[in-house]
$ cat target.csv   # CSV, C-alpha atoms
chain,number,residue,atom,x,y,z
T,1,MET,CA,-11.5,-53.0,36.3
T,2,PRO,CA,-13.7,-50.0,35.8
T,3,ALA,CA,-13.8,-48.6,32.2
T,4,GLU,CA,-12.5,-45.2,33.5
T,5,ALA,CA,-9.3,-46.8,34.6
T,6,LEU,CA,-8.7,-48.3,31.2
T,7,LEU,CA,-9.3,-44.9,29.5
T,8,ALA,CA,-7.1,-42.9,31.9
T,9,ALA,CA,-3.7,-43.5,30.2
T,10,PRO,CA,-1.0,-41.1,31.5
T,11,PHE,CA,0.1,-40.4,27.9
T,12,PRO,CA,-0.9,-41.5,24.4
T,13,PRO,CA,0.9,-44.4,22.8
T,14,VAL,CA,4.3,-43.4,21.5
T,15,LEU,CA,5.4,-44.7,18.1
T,16,THR,CA,8.8,-43.8,16.6
T,17,ARG,CA,9.4,-45.1,13.1
T,18,HIS,CA,13.0,-46.1,12.5
T,19,ALA,CA,13.2,-44.1,9.2
T,20,GLU,CA,12.0,-41.0,11.0
T,21,ALA,CA,14.0,-41.2,14.2
T,22,GLU,CA,16.6,-38.6,14.9
T,23,THR,CA,20.2,-39.8,15.2
T,24,SER,CA,23.3,-38.4,16.8
T,25,ALA,CA,26.5,-39.9,15.6
T,26,ASP,CA,30.1,-39.7,16.8
T,27,PRO,CA,33.2,-41.5,15.6
T,28,SER,CA,32.4,-44.7,17.6
T,29,SER,CA,28.6,-44.9,18.0
T,30,VAL,CA,25.2,-43.9,16.7
T,31,MET,CA,22.4,-43.0,19.0
T,32,THR,CA,18.9,-43.3,17.7
T,33,LEU,CA,16.5,-41.2,19.8
T,34,LEU,CA,13.2,-43.0,20.3
T,35,ALA,CA,11.1,-41.3,23.0
T,36,ASP,CA,11.8,-38.5,25.3
T,37,SER,CA,10.0,-37.5,28.5
T,38,ASP,CA,7.9,-34.8,26.9
T,39,ALA,CA,6.0,-37.4,24.9
T,40,THR,CA,5.6,-39.8,27.9
T,41,ALA,CA,4.5,-37.4,30.6
T,42,ASP,CA,8.0,-37.9,32.2
T,43,GLY,CA,7.3,-41.7,32.3
T,44,PHE,CA,10.5,-42.7,30.4
T,45,THR,CA,13.2,-41.7,27.9
T,46,SER,CA,14.5,-44.3,25.5
T,47,TYR,CA,17.2,-44.4,22.8
T,48,ARG,CA,19.2,-47.1,21.0
T,49,SER,CA,23.0,-47.0,20.7
T,50,THR,CA,25.1,-49.0,18.3
T,51,PHE,CA,28.7,-49.1,19.4
T,52,ALA,CA,31.6,-49.9,17.1
T,53,LYS,CA,34.5,-52.2,18.2
T,54,GLY,CA,36.5,-50.3,20.8
T,55,ALA,CA,33.8,-47.7,21.4
T,56,VAL,CA,34.3,-46.0,24.8
T,57,GLY,CA,30.7,-45.6,25.9
T,58,ALA,CA,30.1,-43.7,29.1
T,59,PRO,CA,32.6,-43.1,32.0
T,60,ALA,CA,31.6,-43.8,35.6
T,61,HIS,CA,28.5,-41.8,36.6
T,62,PHE,CA,25.2,-42.1,38.5
T,63,HIS,CA,21.7,-40.8,38.4
T,64,THR,CA,19.9,-39.5,41.5
T,65,LYS,CA,16.4,-39.9,40.2
T,66,ALA,CA,16.3,-42.3,37.3
T,67,THR,CA,16.7,-46.0,37.0
T,68,GLU,CA,18.7,-46.9,33.8
T,69,LEU,CA,17.7,-50.0,31.9
T,70,PHE,CA,20.0,-51.8,29.4
T,71,PHE,CA,18.8,-54.4,26.9
T,72,VAL,CA,21.5,-55.8,24.6
T,73,ILE,CA,20.0,-56.3,21.2
T,74,SER,CA,23.2,-57.8,19.7
T,75,GLY,CA,26.9,-57.9,20.5
T,76,SER,CA,28.5,-57.5,23.9
T,77,LEU,CA,28.5,-54.6,26.3
T,78,GLN,CA,31.0,-54.3,29.1
T,79,VAL,CA,29.4,-52.7,32.2
T,80,LEU,CA,30.8,-51.5,35.5
T,81,VAL,CA,28.2,-51.5,38.3
T,82,ASP,CA,29.6,-50.3,41.6
T,83,GLU,CA,33.0,-52.1,41.5
T,84,GLU,CA,32.0,-55.1,39.5
T,85,VAL,CA,32.6,-55.5,35.8
T,86,THR,CA,30.2,-57.7,33.9
T,87,VAL,CA,29.8,-58.4,30.2
T,88,LEU,CA,26.2,-58.3,28.9
T,89,GLU,CA,25.6,-60.5,25.9
T,90,THR,CA,22.8,-60.5,23.3
T,91,GLY,CA,19.4,-60.7,25.0
T,92,ASP,CA,20.8,-59.7,28.5
T,93,PHE,CA,18.9,-57.1,30.5
T,94,LEU,CA,20.3,-54.9,33.4
T,95,ALA,CA,18.5,-52.4,35.6
T,96,VAL,CA,20.7,-49.9,37.4
T,97,PRO,CA,18.9,-48.1,40.3
T,98,PRO,CA,19.4,-44.5,41.3
T,99,HIS,CA,22.6,-43.6,43.2
T,100,THR,CA,24.5,-46.6,41.7
T,101,PRO,CA,27.8,-45.8,40.0
T,102,HIS,CA,28.1,-47.4,36.6
T,103,ALA,CA,29.9,-47.1,33.3
T,104,PHE,CA,29.7,-49.0,30.0
T,105,ALA,CA,31.5,-49.6,26.7
T,106,ALA,CA,31.5,-52.1,23.9
T,107,ALA,CA,33.2,-55.2,25.2
T,108,PRO,CA,36.8,-55.6,24.0
T,109,GLY,CA,36.9,-56.6,20.4
T,110,CYS,CA,33.1,-56.5,20.1
T,111,GLU,CA,30.4,-54.3,18.7
T,112,ALA,CA,27.2,-53.7,20.7
T,113,ASP,CA,23.6,-52.6,19.9
T,114,VAL,CA,21.8,-51.6,23.1
T,115,LEU,CA,18.4,-50.3,24.0
T,116,PHE,CA,18.5,-47.8,26.9
T,117,VAL,CA,15.5,-46.7,28.9
T,118,PHE,CA,15.4,-44.2,31.8
T,119,THR,CA,12.5,-44.0,34.2
T,120,PRO,CA,11.4,-41.5,35.1
T,121,GLY,CA,12.3,-39.6,32.0
T,122,MET,CA,14.0,-36.2,32.1
T,123,GLY,CA,14.3,-34.7,28.7
T,124,ARG,CA,17.6,-36.4,28.0
T,125,PHE,CA,17.6,-36.0,24.3
T,126,ASP,CA,19.4,-32.6,24.7
T,127,TYR,CA,22.0,-34.3,26.8
T,128,LEU,CA,22.5,-37.0,24.1
T,129,ARG,CA,22.8,-34.3,21.4
T,130,LEU,CA,25.4,-32.5,23.6
T,131,LEU,CA,27.3,-35.7,24.1
T,132,GLY,CA,27.4,-36.3,20.4
T,133,ARG,CA,28.8,-32.7,19.8
T,134,VAL,CA,31.5,-33.2,22.5
T,135,MET,CA,32.5,-36.6,21.0
T,136,ARG,CA,32.7,-35.0,17.5
T,137,GLY,CA,34.9,-32.1,18.9
T,138,GLU,CA,32.2,-29.5,18.3
T,139,SER,CA,31.6,-28.6,22.0
T,140,ASP,CA,33.7,-28.5,25.1
T,141,ALA,CA,33.5,-31.4,27.6
T,142,LYS,CA,33.0,-28.9,30.4
T,143,GLU,CA,29.4,-28.4,29.1
T,144,ILE,CA,28.7,-32.0,30.2
T,145,ALA,CA,29.8,-31.2,33.7
T,146,GLU,CA,27.8,-28.0,33.8
T,147,SER,CA,24.7,-29.9,32.8
T,148,ALA,CA,24.9,-32.6,35.4
T,149,GLU,CA,22.0,-31.4,37.5
T,150,GLN,CA,19.7,-30.6,34.6
T,151,PHE,CA,20.1,-34.1,33.1
T,152,ASP,CA,20.6,-36.1,36.3
T,153,ASN,CA,24.0,-37.3,35.1
T,154,HIS,CA,26.6,-37.0,37.9
$ encode --input "target.csv" --output "structure tokens"
Amino acid sequence: MPAEALLAAPFPPVLTRHAEAETSADPSSVMTLLADSDATADGFTSYRSTFAKGAVGAPAHFHTKATELFFVISGSLQVLVDEEVTVLETGDFLAVPPHTPHAFAAAPGCEADVLFVFTPGMGRFDYLRLLGRVMRGESDAKEIAESAEQFDNH
């Protein structure tokens, strides 16, 4: 491989220290914001969510541009993909392509710790902050619907 190809990285390495990462919490989960698209030249967005027992997660939705990747660090995550419900366990990985309806929550009676990655990235941290405000009762849920196109969350 030519040396120029090795030097032509699309963005510099991204390091987010746990102690310095921004978090957004609501009554049932904590989202740790790891890397947003502005730092990755729109390559990806990544965050980690820890769900308490009974946490509701996300209702059915789809993305038109992004593939959403799930990696279960610990616990169990119940996922609806199209019309099939699956429980992802510790170490399981799932990739949901664009235009595929999906939803997720902590599996019944379980906690879940999940790494999420969206590719391409789309500046989703503002969406995650909004979601936290809505879940805490600080913003109206209609703001989520109004932001669907901006954040590719339909």
$ atom_distance --input "target.csv" --atom1 "CA of Leu128 in chain T" --atom2 "CA of Gly109 in chain T"
24.6 Å
$ closest_residue --input "target.csv" --among "T:Leu34, T:Val85, T:Val117, T:Val56" --to "Val72 in chain T" --atoms "all atoms listed in the file"
T:Val117
$ residues_around --input "target.csv" --residues "Ser147 in chain T" --least-positions-apart "3" --cutoff "12 Å" --atoms "all atoms listed in the file" --output "list in words"
Arg124, Asp126, Tyr127, Leu128, Leu130, Leu131, Asp140, Ala141, Lys142, Glu143, Ile144, Gln150, Phe151, Asp152, Asn153 and His154 of chain T
$ residues_around --input "target.csv" --residues "Gly57 in chain T" --least-positions-apart "3" --cutoff "9 Å" --atoms "only C-alpha atoms" --output "mmCIF file with C-alpha atoms, in the frame of the given file"
data_model
loop_
_atom_site.group_PDB
_atom_site.id
_atom_site.type_symbol
_atom_site.label_atom_id
_atom_site.label_comp_id
_atom_site.auth_asym_id
_atom_site.auth_seq_id
_atom_site.Cartn_x
_atom_site.Cartn_y
_atom_site.Cartn_z
ATOM 1 C CA SER T 28 32.400 -44.700 17.600
ATOM 2 C CA SER T 29 28.600 -44.900 18.000
ATOM 3 C CA PHE T 51 28.700 -49.100 19.400
ATOM 4 C CA ALA T 103 29.900 -47.100 33.300
ATOM 5 C CA PHE T 104 29.700 -49.000 30.000
ATOM 6 C CA ALA T 105 31.500 -49.600 26.700
ATOM 7 C CA ALA T 106 31.500 -52.100 23.900
#
$ closest_residue --input "target.csv" --among "T:Thr32, T:Leu77, T:Glu22, T:Ala41" --to "Pro10 in chain T" --atoms "only C-alpha atoms"
T:Ala41
$ closest_residue --input "target.csv" --among "T:Thr86, T:Ser139, T:Thr100, T:Ser49" --to "Ala66 in chain T" --atoms "all atoms listed in the file"
T:Thr100
$ closest_residue --input "target.csv" --among "T:Glu146, T:Asp42, T:Glu68, T:Asp82" --to "Ala95 in chain T" --atoms "only C-alpha atoms"
T:Glu68
$ residues_around --input "target.csv" --residues "Phe116 in chain T" --least-positions-apart "4" --cutoff "8 Å" --atoms "all atoms listed in the file" --output "list of chain:residue names"
T:Ser46, T:Tyr47, T:Arg48, T:Ser49, T:Glu68, T:Leu69, T:Phe70, T:Phe71
$ atom_distance --input "target.csv" --atom1 "CA of Lys65 in chain T" --atom2 "CA of Phe44 in chain T"
11.8 Å
$ atom_distance --input "target.csv" --atom1 "CA of Glu111 in chain T" --atom2 "CA of Gly43 in chain T"
29.6 Å
